[in-house]
$ cat data.cif   # mmCIF, C-alpha atoms and all ligand atoms
data_coords
#
loop_
_atom_site.label_atom_id
_atom_site.label_comp_id
_atom_site.auth_asym_id
_atom_site.auth_seq_id
_atom_site.Cartn_x
_atom_site.Cartn_y
_atom_site.Cartn_z
CA MET A 25 -35.80 17.52 -13.40
CA ASP A 26 -32.43 17.00 -11.86
CA GLN A 27 -32.79 14.29 -9.21
CA ASN A 28 -30.50 16.14 -6.84
CA LEU A 29 -32.54 19.38 -6.86
CA THR A 30 -35.25 19.31 -4.22
CA ARG A 31 -38.79 20.56 -5.01
CA LYS A 32 -38.07 23.54 -2.75
CA ASP A 33 -34.88 24.28 -4.72
CA PHE A 34 -36.79 23.95 -7.99
CA LEU A 35 -39.48 26.43 -6.91
CA LYS A 36 -36.81 28.77 -5.69
CA TYR A 37 -35.10 28.65 -9.05
CA THR A 38 -38.18 28.99 -11.30
CA SER A 39 -38.40 32.78 -11.11
CA ALA A 40 -36.80 34.50 -14.08
CA ALA A 41 -34.61 36.48 -11.74
CA SER A 42 -33.11 33.25 -10.48
CA ALA A 43 -32.46 31.70 -13.88
CA ALA A 44 -28.80 32.48 -13.73
CA MET A 45 -28.54 30.86 -10.30
CA LEU A 46 -30.25 27.75 -11.65
CA LEU A 47 -27.83 27.51 -14.55
CA ASN A 48 -25.01 27.95 -12.14
CA ALA A 49 -26.36 25.21 -9.85
CA LEU A 50 -26.74 22.80 -12.75
CA HIS A 51 -23.26 23.62 -13.93
CA ILE A 52 -21.79 22.88 -10.51
CA HIS A 53 -23.77 19.65 -10.43
CA ALA A 54 -22.38 18.67 -13.85
CA GLU A 55 -18.88 19.25 -12.53
CA GLU A 56 -19.64 17.09 -9.53
CA GLN A 57 -20.90 14.38 -11.86
CA HIS A 58 -17.66 14.57 -13.81
CA LEU A 59 -15.72 14.09 -10.58
CA SER A 60 -18.00 11.39 -9.28
CA THR A 61 -15.95 8.67 -10.97
CA LEU A 62 -12.22 8.42 -11.34
CA LYS A 63 -11.03 6.65 -14.46
CA ILE A 64 -8.41 4.04 -13.62
CA ALA A 65 -5.76 2.29 -15.69
CA ILE A 66 -4.19 -0.87 -14.25
CA ILE A 67 -0.68 -1.81 -15.29
CA GLY A 68 0.34 -5.37 -14.38
CA CYS A 69 -2.39 -8.00 -14.69
CA GLY A 70 -0.81 -10.78 -12.64
CA SER A 71 -1.58 -12.35 -9.25
CA VAL A 72 -2.40 -9.25 -7.19
CA SER A 73 -4.67 -7.78 -9.87
CA ASN A 74 -7.14 -10.50 -8.87
CA ARG A 75 -7.46 -8.77 -5.50
CA TYR A 76 -7.40 -5.18 -6.79
CA ILE A 77 -9.86 -5.42 -9.68
CA PRO A 78 -12.87 -6.71 -7.67
CA HIS A 79 -12.20 -4.17 -4.93
CA LEU A 80 -12.01 -1.31 -7.40
CA GLN A 81 -15.19 -2.61 -9.06
CA SER A 82 -16.98 -2.49 -5.69
CA SER A 83 -16.65 1.30 -5.58
CA SER A 84 -19.10 3.57 -7.36
CA SER A 85 -16.34 6.22 -7.49
CA VAL A 86 -14.13 4.18 -9.76
CA GLU A 87 -14.22 3.04 -13.36
CA ILE A 88 -11.50 0.76 -14.76
CA VAL A 89 -10.98 1.96 -18.33
CA ALA A 90 -7.59 0.43 -19.25
CA LEU A 91 -5.60 -2.74 -18.60
CA CYS A 92 -1.97 -3.16 -19.57
CA ASP A 93 0.51 -6.03 -19.35
CA ILE A 94 3.62 -6.84 -21.35
CA LYS A 95 2.22 -10.37 -21.32
CA TYR A 96 -0.71 -9.06 -23.35
CA GLU A 97 -2.83 -12.19 -22.94
CA ARG A 98 -3.06 -11.39 -19.21
CA ALA A 99 -4.70 -8.02 -19.92
CA LEU A 100 -7.18 -9.78 -22.20
CA GLU A 101 -7.85 -12.51 -19.63
CA GLN A 102 -8.57 -10.03 -16.83
CA LYS A 103 -10.86 -8.02 -19.06
CA LYS A 104 -12.86 -11.17 -19.79
CA GLN A 105 -12.77 -12.62 -16.28
CA TYR A 106 -14.04 -9.41 -14.63
CA HIS A 107 -16.40 -8.37 -17.45
CA LEU A 108 -14.64 -5.05 -17.88
CA SER A 109 -15.34 -2.69 -20.75
CA ALA A 110 -11.72 -1.54 -20.66
CA GLU A 111 -9.19 -0.92 -23.44
CA THR A 112 -6.20 -3.29 -23.36
CA TYR A 113 -2.53 -2.52 -24.08
CA ASN A 114 0.80 -4.32 -24.11
CA ASN A 115 2.99 -1.37 -23.11
CA ILE A 116 2.70 1.80 -21.06
CA GLU A 117 3.46 4.18 -23.96
CA ALA A 118 0.49 2.85 -25.93
CA MET A 119 -1.71 3.08 -22.85
CA LEU A 120 -0.71 6.67 -22.14
CA LYS A 121 -1.58 7.58 -25.73
CA GLY A 122 -4.84 5.61 -25.62
CA VAL A 123 -8.08 5.98 -23.70
CA ALA A 124 -8.24 8.94 -21.28
CA PHE A 125 -7.78 8.10 -17.58
CA ASP A 126 -7.04 9.88 -14.29
CA MET A 127 -5.01 7.47 -12.15
CA MET A 128 -2.64 4.60 -12.88
CA VAL A 129 -2.56 1.63 -10.51
CA THR A 130 0.85 -0.04 -10.71
CA LEU A 131 0.81 -3.79 -10.06
CA THR A 132 3.84 -4.96 -12.01
CA ASP A 133 7.14 -6.56 -11.02
CA MET A 134 8.73 -4.41 -8.29
CA GLN A 135 11.80 -3.54 -10.38
CA VAL A 136 9.86 -1.43 -12.91
CA HIS A 137 7.59 0.51 -10.51
CA GLY A 138 9.81 3.61 -10.46
CA GLU A 139 10.10 4.03 -14.23
CA LEU A 140 6.42 3.28 -14.89
CA ASN A 141 5.24 5.63 -12.13
CA LYS A 142 7.47 8.38 -13.56
CA LYS A 143 6.01 7.96 -17.06
CA ALA A 144 2.47 8.15 -15.71
CA LEU A 145 3.20 11.27 -13.65
CA GLN A 146 4.91 12.92 -16.63
CA ALA A 147 1.76 12.22 -18.63
CA GLY A 148 -0.35 13.99 -15.96
CA LYS A 149 -1.81 10.94 -14.19
CA HIS A 150 -2.21 10.36 -10.45
CA VAL A 151 -0.48 7.17 -9.31
CA TRP A 152 -1.21 4.46 -6.75
CA SER A 153 1.73 2.07 -6.68
CA GLU A 154 2.14 -1.34 -5.13
CA LYS A 155 5.24 -1.49 -2.98
CA PRO A 156 7.83 -0.25 -3.44
CA MET A 157 6.69 3.00 -5.11
CA ALA A 158 10.24 3.40 -6.48
CA ASN A 159 13.36 1.31 -6.55
CA THR A 160 15.59 3.66 -4.61
CA TYR A 161 14.91 6.35 -2.04
CA ALA A 162 16.36 8.98 -4.42
CA GLU A 163 14.03 7.82 -7.18
CA GLY A 164 11.08 7.95 -4.77
CA LYS A 165 11.93 11.50 -3.70
CA ALA A 166 12.22 12.57 -7.35
CA LEU A 167 8.82 11.01 -8.09
CA LEU A 168 7.22 12.90 -5.23
CA ALA A 169 8.81 16.18 -6.39
CA LEU A 170 7.53 15.49 -9.91
CA ALA A 171 4.02 14.75 -8.64
CA GLN A 172 3.99 17.91 -6.51
CA SER A 173 5.27 20.07 -9.38
CA LYS A 174 2.38 18.82 -11.51
CA LYS A 175 -0.20 18.99 -8.68
CA LEU A 176 -0.73 15.26 -8.95
CA LYS A 177 -1.22 12.65 -6.23
CA LEU A 178 1.20 9.81 -5.67
CA TRP A 179 0.74 7.02 -3.14
CA GLY A 180 2.47 3.78 -2.24
CA ALA A 181 1.17 0.56 -0.68
CA PRO A 182 0.65 -0.88 1.86
CA ALA A 183 -2.65 0.31 3.33
CA VAL A 184 -2.11 -1.12 6.82
CA VAL A 185 -2.91 2.19 8.54
CA ASN A 186 -6.51 1.86 7.31
CA SER A 187 -7.39 -1.15 9.49
CA PRO A 188 -9.51 -0.75 12.63
CA GLN A 189 -6.82 -2.70 14.48
CA PHE A 190 -4.25 -0.08 13.53
CA ALA A 191 -6.66 2.66 14.62
CA PHE A 192 -7.13 0.90 17.98
CA MET A 193 -3.39 0.50 18.61
CA ASN A 194 -2.73 4.06 17.51
CA LYS A 195 -5.41 5.35 19.91
CA MET A 196 -4.04 3.33 22.84
CA ILE A 197 -0.56 4.70 22.22
CA GLN A 198 -1.69 8.27 21.69
CA GLU A 199 -3.79 8.13 24.89
CA GLY A 200 -0.75 6.89 26.82
CA LYS A 201 -2.39 3.57 27.81
CA LEU A 202 0.90 1.70 27.37
CA GLY A 203 2.80 4.05 29.63
CA ARG A 204 6.41 4.61 28.64
CA ILE A 205 6.96 2.57 25.47
CA ALA A 206 10.24 0.66 25.24
CA SER A 207 10.11 -2.00 22.55
CA ALA A 208 8.19 -3.42 19.64
CA HIS A 209 8.52 -6.44 17.41
CA GLY A 210 7.08 -7.21 13.98
CA GLN A 211 7.45 -10.30 11.85
CA TYR A 212 6.17 -11.51 8.54
CA GLY A 213 7.40 -14.43 6.52
CA HIS A 214 6.38 -17.42 4.48
CA THR A 215 8.14 -19.84 2.19
CA GLY A 216 8.17 -17.37 -0.70
CA PRO A 217 6.19 -16.79 -3.90
CA THR A 218 6.58 -19.43 -6.59
CA TRP A 219 4.82 -17.63 -9.47
CA SER A 220 7.37 -14.99 -10.44
CA ALA A 221 11.15 -14.69 -10.35
CA PHE A 222 11.28 -10.92 -9.71
CA PHE A 223 10.77 -11.45 -5.96
CA TYR A 224 14.27 -13.01 -5.84
CA GLU A 225 16.08 -10.85 -8.39
CA LYS A 226 18.01 -7.65 -7.67
CA GLY A 227 15.50 -4.99 -6.63
CA GLY A 228 13.20 -7.65 -5.19
CA GLY A 229 13.63 -9.28 -1.78
CA SER A 230 11.69 -10.03 1.37
CA MET A 231 11.95 -6.46 2.72
CA PRO A 232 10.03 -4.66 -0.07
CA ASP A 233 7.63 -7.59 -0.41
CA LEU A 234 6.97 -8.60 3.23
CA GLY A 235 8.91 -6.53 5.77
CA VAL A 236 7.38 -3.40 4.23
CA TYR A 237 4.10 -4.08 6.08
CA ASN A 238 5.71 -4.23 9.54
CA ILE A 239 7.97 -1.27 8.78
CA ALA A 240 4.93 0.77 7.78
CA THR A 241 2.97 -0.34 10.87
CA LEU A 242 5.69 0.22 13.44
CA THR A 243 6.86 3.59 12.10
CA ALA A 244 3.24 4.75 11.89
CA LEU A 245 2.60 3.67 15.50
CA LEU A 246 5.90 4.65 17.12
CA GLY A 247 7.02 7.53 14.94
CA PRO A 248 9.56 7.99 12.16
CA ALA A 249 12.80 6.08 12.71
CA LYS A 250 15.96 8.08 13.28
CA SER A 251 18.48 5.36 12.58
CA ILE A 252 18.72 1.72 11.64
CA MET A 253 21.00 -1.26 12.06
CA ALA A 254 20.27 -4.40 10.11
CA MET A 255 21.51 -7.79 9.04
CA THR A 256 20.26 -9.40 5.87
CA SER A 257 21.13 -12.71 4.27
CA ILE A 258 20.36 -15.12 1.48
CA VAL A 259 19.37 -18.43 3.04
CA ASN A 260 18.27 -20.23 -0.09
CA PRO A 261 20.58 -19.48 -3.06
CA SER A 262 18.23 -20.80 -5.74
CA ARG A 263 14.50 -21.10 -6.29
CA GLU A 264 12.20 -23.15 -8.46
CA ILE A 265 9.76 -20.79 -10.22
CA ASP A 266 6.54 -22.00 -11.92
CA ASN A 267 6.89 -22.34 -15.70
CA ARG A 268 10.44 -20.98 -15.52
CA GLY A 269 12.71 -23.42 -13.69
CA VAL A 270 15.49 -22.65 -11.26
CA VAL A 271 16.56 -19.02 -10.72
CA LYS A 272 19.44 -17.57 -8.71
CA VAL A 273 18.40 -15.65 -5.58
CA GLU A 274 20.06 -12.23 -5.66
CA ALA A 275 17.99 -10.24 -3.14
CA GLU A 276 17.80 -10.87 0.63
CA ASP A 277 15.41 -13.63 1.61
CA ASN A 278 16.00 -13.05 5.32
CA ALA A 279 16.27 -9.70 7.12
CA HIS A 280 16.44 -8.40 10.70
CA LEU A 281 16.08 -4.68 11.31
CA LEU A 282 16.56 -2.63 14.48
CA LEU A 283 14.97 0.82 14.37
CA ASP A 284 15.51 3.71 16.77
CA HIS A 285 12.30 5.75 17.01
CA GLY A 286 13.71 8.24 19.52
CA LYS A 287 12.86 8.63 23.26
CA GLY A 288 14.58 5.27 23.83
CA ILE A 289 12.04 3.30 21.77
CA ILE A 290 13.60 0.46 19.76
CA SER A 291 11.71 -1.83 17.41
CA HIS A 292 12.76 -5.06 15.75
CA ILE A 293 11.41 -6.44 12.49
CA MET A 294 12.16 -9.77 10.87
CA CYS A 295 10.97 -10.96 7.50
CA GLY A 296 11.89 -13.67 5.07
CA PHE A 297 11.03 -16.14 2.33
CA ASN A 298 12.10 -19.21 4.32
CA TYR A 299 9.69 -19.00 7.26
CA PHE A 300 7.32 -21.94 7.48
CA ASP A 301 3.89 -20.45 8.09
CA PRO A 302 0.80 -22.19 6.73
CA HIS A 303 -1.13 -18.90 6.99
CA GLY A 304 1.52 -16.83 5.20
CA HIS A 305 -0.61 -15.94 2.17
CA GLU A 306 -4.05 -16.13 3.76
CA ALA A 307 -4.34 -14.80 7.29
CA LYS A 308 -7.62 -16.48 8.25
CA GLY A 309 -7.26 -18.43 11.48
CA GLN A 310 -3.75 -17.13 12.13
CA GLN A 311 -3.17 -16.66 15.86
CA LEU A 312 0.47 -15.58 15.67
CA HIS A 313 1.18 -12.35 17.54
CA SER A 314 2.98 -10.79 14.61
CA ILE A 315 3.12 -7.26 16.07
CA GLN A 316 3.97 -6.75 19.73
CA ILE A 317 4.39 -3.44 21.51
CA PHE A 318 5.58 -3.16 25.10
CA GLY A 319 5.26 -0.26 27.49
CA ASP A 320 5.62 -0.15 31.28
CA LYS A 321 1.84 0.00 31.86
CA ALA A 322 0.55 -2.36 29.13
CA ASN A 323 1.44 -4.35 26.07
CA MET A 324 -0.46 -4.95 22.84
CA ARG A 325 -0.24 -8.02 20.61
CA LEU A 326 -1.80 -8.00 17.18
CA ILE A 327 -2.91 -11.44 16.01
CA GLY A 328 -2.77 -12.50 12.38
CA TYR A 329 -0.87 -10.02 10.26
CA ASP A 330 -0.97 -6.25 10.19
CA TRP A 331 -2.27 -6.41 6.57
CA GLU A 332 -5.13 -8.73 7.58
CA THR A 333 -5.56 -9.01 11.30
CA ASN A 334 -7.82 -10.98 13.58
CA GLY A 335 -7.71 -8.57 16.49
CA VAL A 336 -5.46 -7.01 19.11
CA TYR A 337 -4.86 -8.18 22.68
CA LEU A 338 -4.39 -5.45 25.21
CA ASP A 339 -2.72 -6.69 28.39
CA ASP A 340 -2.89 -3.97 31.01
CA SER A 341 -3.75 -5.72 34.26
CA TRP A 342 -1.89 -7.76 36.91
CA GLU A 343 -5.19 -9.45 37.82
CA THR A 344 -7.21 -10.12 34.67
CA GLN A 345 -6.31 -11.79 31.38
CA ALA A 346 -5.49 -9.81 28.27
CA LYS A 347 -8.63 -8.68 26.41
CA LEU A 348 -9.16 -9.05 22.67
CA TYR A 349 -10.24 -5.90 20.80
CA GLU A 350 -11.23 -5.25 17.18
CA ALA A 351 -11.68 -8.88 16.15
CA GLU A 352 -13.70 -7.82 13.08
CA THR A 353 -12.36 -6.35 9.83
CA GLY A 354 -14.76 -3.41 9.91
CA GLY A 355 -14.79 -3.60 6.11
CA TYR A 356 -11.04 -3.07 5.81
CA GLN A 357 -9.23 -5.17 3.18
CA TRP A 358 -5.51 -5.01 2.50
CA GLN A 359 -6.09 -4.48 -1.23
CA GLU A 360 -8.24 -1.39 -0.64
CA GLY A 361 -5.51 1.26 -0.99
CA ALA A 362 -6.10 2.24 -4.63
CA THR A 363 -9.87 2.35 -4.12
CA LYS A 364 -9.59 4.51 -1.01
CA VAL A 365 -7.24 7.05 -2.56
CA ALA A 366 -9.41 7.20 -5.70
CA GLU A 367 -12.41 7.90 -3.48
CA SER A 368 -10.40 10.58 -1.68
CA ILE A 369 -9.70 12.34 -4.99
CA VAL A 370 -13.37 12.19 -5.97
CA GLY A 371 -14.55 13.31 -2.53
CA ASN A 372 -11.75 15.86 -2.11
CA THR A 373 -10.80 14.34 1.25
CA SER A 374 -7.45 13.30 2.72
CA PRO A 375 -6.90 9.54 3.00
CA LYS A 376 -5.10 8.11 6.03
CA ILE A 377 -2.29 6.83 3.80
CA ASN A 378 0.39 9.39 3.15
CA VAL A 379 3.17 9.34 0.63
CA GLU A 380 5.88 10.80 2.89
CA HIS A 381 5.35 7.79 5.13
CA ALA A 382 5.78 5.42 2.15
CA LEU A 383 8.95 7.29 1.22
CA HIS A 384 10.29 6.90 4.77
CA VAL A 385 9.62 3.14 4.58
CA LEU A 386 11.54 3.04 1.29
CA GLU A 387 14.53 4.81 2.86
CA ILE A 388 14.48 2.27 5.72
CA ILE A 389 14.58 -0.67 3.28
CA GLU A 390 17.46 0.84 1.33
CA SER A 391 19.32 1.76 4.53
CA ALA A 392 18.86 -1.74 5.97
CA ARG A 393 20.75 -3.13 2.98
CA LYS A 394 23.47 -0.54 3.39
CA SER A 395 23.74 -1.19 7.13
CA SER A 396 24.07 -4.92 6.54
CA ALA A 397 26.61 -4.54 3.74
CA GLU A 398 28.77 -2.03 5.64
CA GLY A 399 28.23 -3.39 9.15
CA LYS A 400 27.20 -0.03 10.61
CA LYS A 401 24.36 2.13 11.85
CA ILE A 402 22.71 4.31 9.21
CA TYR A 403 21.10 7.64 10.12
CA LEU A 404 17.85 8.28 8.27
CA THR A 405 17.04 11.61 6.67
CA SER A 406 13.34 11.26 5.85
CA SER A 407 10.37 11.80 8.11
CA PHE A 408 6.61 12.24 7.95
CA LYS A 409 3.90 14.02 9.91
CA TRP A 410 3.33 11.95 13.03
CA PRO A 411 1.02 10.85 14.55
CA LEU A 412 -0.77 10.07 11.31
CA PHE A 413 -4.13 10.67 13.01
N1 LIG A 501 0.52 -11.42 -5.30
C1 LIG A 501 0.20 -10.94 -4.12
O1 LIG A 501 -0.50 -11.58 -3.33
C2 LIG A 501 0.63 -9.55 -3.74
C3 LIG A 501 0.10 -9.01 -2.55
C4 LIG A 501 0.43 -7.71 -2.23
C5 LIG A 501 1.27 -7.00 -3.03
N2 LIG A 501 1.82 -7.55 -4.15
C6 LIG A 501 2.71 -6.72 -4.97
O2 LIG A 501 2.11 -6.56 -6.25
C7 LIG A 501 3.11 -6.44 -7.25
C8 LIG A 501 2.87 -7.50 -8.31
O3 LIG A 501 2.93 -8.77 -7.72
P1 LIG A 501 2.22 -10.04 -8.37
O4 LIG A 501 2.29 -11.12 -7.36
O5 LIG A 501 0.90 -9.65 -8.92
O6 LIG A 501 3.23 -10.38 -9.57
P2 LIG A 501 2.90 -11.13 -10.93
O7 LIG A 501 4.19 -11.60 -11.47
O8 LIG A 501 1.83 -12.14 -10.70
O9 LIG A 501 2.30 -9.97 -11.86
C9 LIG A 501 3.09 -8.91 -12.34
C10 LIG A 501 2.63 -8.60 -13.76
O10 LIG A 501 3.27 -7.40 -14.22
C11 LIG A 501 3.54 -7.55 -15.59
N3 LIG A 501 4.61 -6.60 -15.99
C12 LIG A 501 5.91 -6.62 -15.68
N4 LIG A 501 6.55 -5.56 -16.23
C13 LIG A 501 5.61 -4.84 -16.88
C14 LIG A 501 5.65 -3.64 -17.64
N5 LIG A 501 6.79 -2.96 -17.82
N6 LIG A 501 4.50 -3.19 -18.18
C15 LIG A 501 3.34 -3.87 -18.01
N7 LIG A 501 3.25 -5.02 -17.31
C16 LIG A 501 4.37 -5.50 -16.74
C17 LIG A 501 3.97 -9.02 -15.71
O11 LIG A 501 3.92 -9.47 -17.05
C18 LIG A 501 2.97 -9.69 -14.78
O12 LIG A 501 1.82 -10.10 -15.45
C19 LIG A 501 4.45 -6.57 -6.53
O13 LIG A 501 4.91 -5.28 -6.21
C20 LIG A 501 4.09 -7.31 -5.25
O14 LIG A 501 4.99 -7.04 -4.21
C21 LIG A 501 1.50 -8.81 -4.53
#

$ encode --input "data.cif" --output "structure tokens"
Amino acid sequence: MDQNLTRKDFLKYTSAASAAMLLNALHIHAEEQHLSTLKIAIIGCGSVSNRYIPHLQSSSSVEIVALCDIKYERALEQKKQYHLSAETYNNIEAMLKGVAFDMMVTLTDMQVHGELNKKALQAGKHVWSEKPMANTYAEGKALLALAQSKKLKLWGAPAVVNSPQFAFMNKMIQEGKLGRIASAHGQYGHTGPTWSAFFYEKGGGSMPDLGVYNIATLTALLGPAKSIMAMTSIVNPSREIDNRGVVKVEAEDNAHLLLDHGKGIISHIMCGFNYFDPHGHEAKGQQLHSIQIFGDKANMRLIGYDWETNGVYLDDSWETQAKLYEAETGGYQWQEGATKVAESIVGNTSPKINVEHALHVLEIIESARKSSAEGKKIYLTSSFKWPLF
């Protein structure tokens, strides 16, 4: 007997007159079973796949059925390391023709995200993409239009809006606890990745790799930005990359952004690959107030990083010290985005992450470069439903 039919249901369905209803119920259940796991293909089996694969494996809604990397040995290594019964491929075309899957998770060099995501969408697959989801704002918009025309889902990292610390800050702002908000600051930097050159090549840079987290957090908290002014620079003209040697740095490794969120609210974000920070890759123990938001009744300071935070101080009293809230992760992990959206497809729910927001972040990054190059303010055209929740 079907485990999900109760004894009462069974008795109800045993009369001949109800046979058709029983068949119908079993049929619906079979459909639910089909939807109870989403088949995933991972493209890009480098550093970050070591964070994604275990998280995806922790979900009963997900099955990793394919691994692909142009460095084919990496696909084989990850299959072995994580005991996956997945097919392996050395190019996307072969993977799209191979084992059936529902969603592609894009974890490759940033420069190829747009073209790979397009191929997957054209082949009828949902897509979760590491940042950036496309290489230009125009390419991102075209991807979203393609996804919508095919009734497919497309999402872009990061997943910062999923943290309990984000939820706390969002609630404080929405409840007006900060009073009239004036200013916010976000910062994220370290001394730069050493394992791959793409971070420093054209289409890479500290904004899509690091600043993207703060841009996502501050626009989600304060609302879509209306305009931007920015200065970017290259501080370190060359880099030593593991197993590769010295490469020329072509993308900004230092960036300062000023965003106008309307109603007088201005935020500032700085990010770079030349910021000494011993916690830059692992946030544990980090006490830096990397996100700060100031209103005329209170201020909030997030400690650690918005992608992995150690709590939020709320300072709203002239008499007592600032209090620390949400010091626990609540189960949130920065690498959870693909798992959460997969679960949302299976459960037919709406995740907190939304693609229009990711697209807005992409337009900000592109516009920051334009603002810096041309020395002027850039008005933004994209927006997203705000508040997110
Ligand atoms: N490493 C991290 O800690 C981290 C954290 C968060 C987000 N990210 C993001 O994840 C992405 C990947 O970063 P990474 O650090 O894992 O880089 P990586 O260099 O370690 O891995 C990228 C992999 O993609 C493969 N690849 C490149 N082009 C491909 C193609 N056309 N088809 C198939 N495979 C291809 C490369 O061979 C490589 O194995 C980037 O967007 C990065 O910003 C990385």

$ residues_around --input "data.cif" --residues "Thr256 of chain A" --least-positions-apart "5" --cutoff "7 Å" --atoms "only C-alpha atoms" --output "PDB file with C-alpha atoms, in the coordinates of the input"
ATOM      1  CA  GLU A 276      17.800 -10.870   0.630  1.00  0.00           C
ATOM      2  CA  ASN A 278      16.000 -13.050   5.320  1.00  0.00           C
ATOM      3  CA  ALA A 279      16.270  -9.700   7.120  1.00  0.00           C
ATOM      4  CA  HIS A 280      16.440  -8.400  10.700  1.00  0.00           C
ATOM      5  CA  ARG A 393      20.750  -3.130   2.980  1.00  0.00           C
ATOM      6  CA  SER A 396      24.070  -4.920   6.540  1.00  0.00           C
TER       7      SER A 396
END

$ residues_near_ligand --input "data.cif" --ligand "ligand LIG 501 (chain A)" --cutoff "9 Å" --atoms "all atoms listed in the file" --output "number ranges by chain"
A: 66-75, 92-96, 98-99, 113-116, 130-137, 139-140, 153-157, 181-182, 217, 219-223, 228, 232-234, 305, 358-359

$ residues_around --input "data.cif" --residues "segment 186-194 of chain A" --least-positions-apart "6" --cutoff "9 Å" --atoms "all atoms listed in the file" --output "PyMOL selection string"
chain A and resi 241+244-246+324+326+330-336+338+349-358+360-361+375-377+411-413

$ write_last_selection --input "data.cif" --atoms "C-alpha atoms" --output "PDB file, in the frame of the given file"
ATOM      1  CA  THR A 241       2.970  -0.340  10.870  1.00  0.00           C
ATOM      2  CA  ALA A 244       3.240   4.750  11.890  1.00  0.00           C
ATOM      3  CA  LEU A 245       2.600   3.670  15.500  1.00  0.00           C
ATOM      4  CA  LEU A 246       5.900   4.650  17.120  1.00  0.00           C
ATOM      5  CA  MET A 324      -0.460  -4.950  22.840  1.00  0.00           C
ATOM      6  CA  LEU A 326      -1.800  -8.000  17.180  1.00  0.00           C
ATOM      7  CA  ASP A 330      -0.970  -6.250  10.190  1.00  0.00           C
ATOM      8  CA  TRP A 331      -2.270  -6.410   6.570  1.00  0.00           C
ATOM      9  CA  GLU A 332      -5.130  -8.730   7.580  1.00  0.00           C
ATOM     10  CA  THR A 333      -5.560  -9.010  11.300  1.00  0.00           C
ATOM     11  CA  ASN A 334      -7.820 -10.980  13.580  1.00  0.00           C
ATOM     12  CA  GLY A 335      -7.710  -8.570  16.490  1.00  0.00           C
ATOM     13  CA  VAL A 336      -5.460  -7.010  19.110  1.00  0.00           C
ATOM     14  CA  LEU A 338      -4.390  -5.450  25.210  1.00  0.00           C
ATOM     15  CA  TYR A 349     -10.240  -5.900  20.800  1.00  0.00           C
ATOM     16  CA  GLU A 350     -11.230  -5.250  17.180  1.00  0.00           C
ATOM     17  CA  ALA A 351     -11.680  -8.880  16.150  1.00  0.00           C
ATOM     18  CA  GLU A 352     -13.700  -7.820  13.080  1.00  0.00           C
ATOM     19  CA  THR A 353     -12.360  -6.350   9.830  1.00  0.00           C
ATOM     20  CA  GLY A 354     -14.760  -3.410   9.910  1.00  0.00           C
ATOM     21  CA  GLY A 355     -14.790  -3.600   6.110  1.00  0.00           C
ATOM     22  CA  TYR A 356     -11.040  -3.070   5.810  1.00  0.00           C
ATOM     23  CA  GLN A 357      -9.230  -5.170   3.180  1.00  0.00           C
ATOM     24  CA  TRP A 358      -5.510  -5.010   2.500  1.00  0.00           C
ATOM     25  CA  GLU A 360      -8.240  -1.390  -0.640  1.00  0.00           C
ATOM     26  CA  GLY A 361      -5.510   1.260  -0.990  1.00  0.00           C
ATOM     27  CA  PRO A 375      -6.900   9.540   3.000  1.00  0.00           C
ATOM     28  CA  LYS A 376      -5.100   8.110   6.030  1.00  0.00           C
ATOM     29  CA  ILE A 377      -2.290   6.830   3.800  1.00  0.00           C
ATOM     30  CA  PRO A 411       1.020  10.850  14.550  1.00  0.00           C
ATOM     31  CA  LEU A 412      -0.770  10.070  11.310  1.00  0.00           C
ATOM     32  CA  PHE A 413      -4.130  10.670  13.010  1.00  0.00           C
TER      33      PHE A 413
END

$ residues_around --input "data.cif" --residues "Tyr106 of chain A" --least-positions-apart "4" --cutoff "9 Å" --atoms "only C-alpha atoms" --output "JSON, numbers by chain"
{"A": [77, 78, 81, 101, 102]}

$ residues_around --input "data.cif" --residues "Ala254 of chain A" --least-positions-apart "5" --cutoff "12 Å" --atoms "all atoms listed in the file" --output "list in words"
Met231, Glu276, Asn278, Ala279, His280, Leu281, Leu282, Leu283, Asp284, Ser291, His292, Ile293, Met294, Cys295, Ile388, Ile389, Glu390, Ser391, Ala392, Arg393, Lys394, Ser395, Ser396, Ala397, Glu398, Gly399, Lys400, Lys401 and Ile402 of chain A

$ write_last_selection --input "data.cif" --atoms "C-alpha atoms" --output "tab-separated table (two decimals), keeping the file's coordinate frame"
chain	number	residue	atom	x	y	z
A	231	MET	CA	11.95	-6.46	2.72
A	276	GLU	CA	17.80	-10.87	0.63
A	278	ASN	CA	16.00	-13.05	5.32
A	279	ALA	CA	16.27	-9.70	7.12
A	280	HIS	CA	16.44	-8.40	10.70
A	281	LEU	CA	16.08	-4.68	11.31
A	282	LEU	CA	16.56	-2.63	14.48
A	283	LEU	CA	14.97	0.82	14.37
A	284	ASP	CA	15.51	3.71	16.77
A	291	SER	CA	11.71	-1.83	17.41
A	292	HIS	CA	12.76	-5.06	15.75
A	293	ILE	CA	11.41	-6.44	12.49
A	294	MET	CA	12.16	-9.77	10.87
A	295	CYS	CA	10.97	-10.96	7.50
A	388	ILE	CA	14.48	2.27	5.72
A	389	ILE	CA	14.58	-0.67	3.28
A	390	GLU	CA	17.46	0.84	1.33
A	391	SER	CA	19.32	1.76	4.53
A	392	ALA	CA	18.86	-1.74	5.97
A	393	ARG	CA	20.75	-3.13	2.98
A	394	LYS	CA	23.47	-0.54	3.39
A	395	SER	CA	23.74	-1.19	7.13
A	396	SER	CA	24.07	-4.92	6.54
A	397	ALA	CA	26.61	-4.54	3.74
A	398	GLU	CA	28.77	-2.03	5.64
A	399	GLY	CA	28.23	-3.39	9.15
A	400	LYS	CA	27.20	-0.03	10.61
A	401	LYS	CA	24.36	2.13	11.85
A	402	ILE	CA	22.71	4.31	9.21
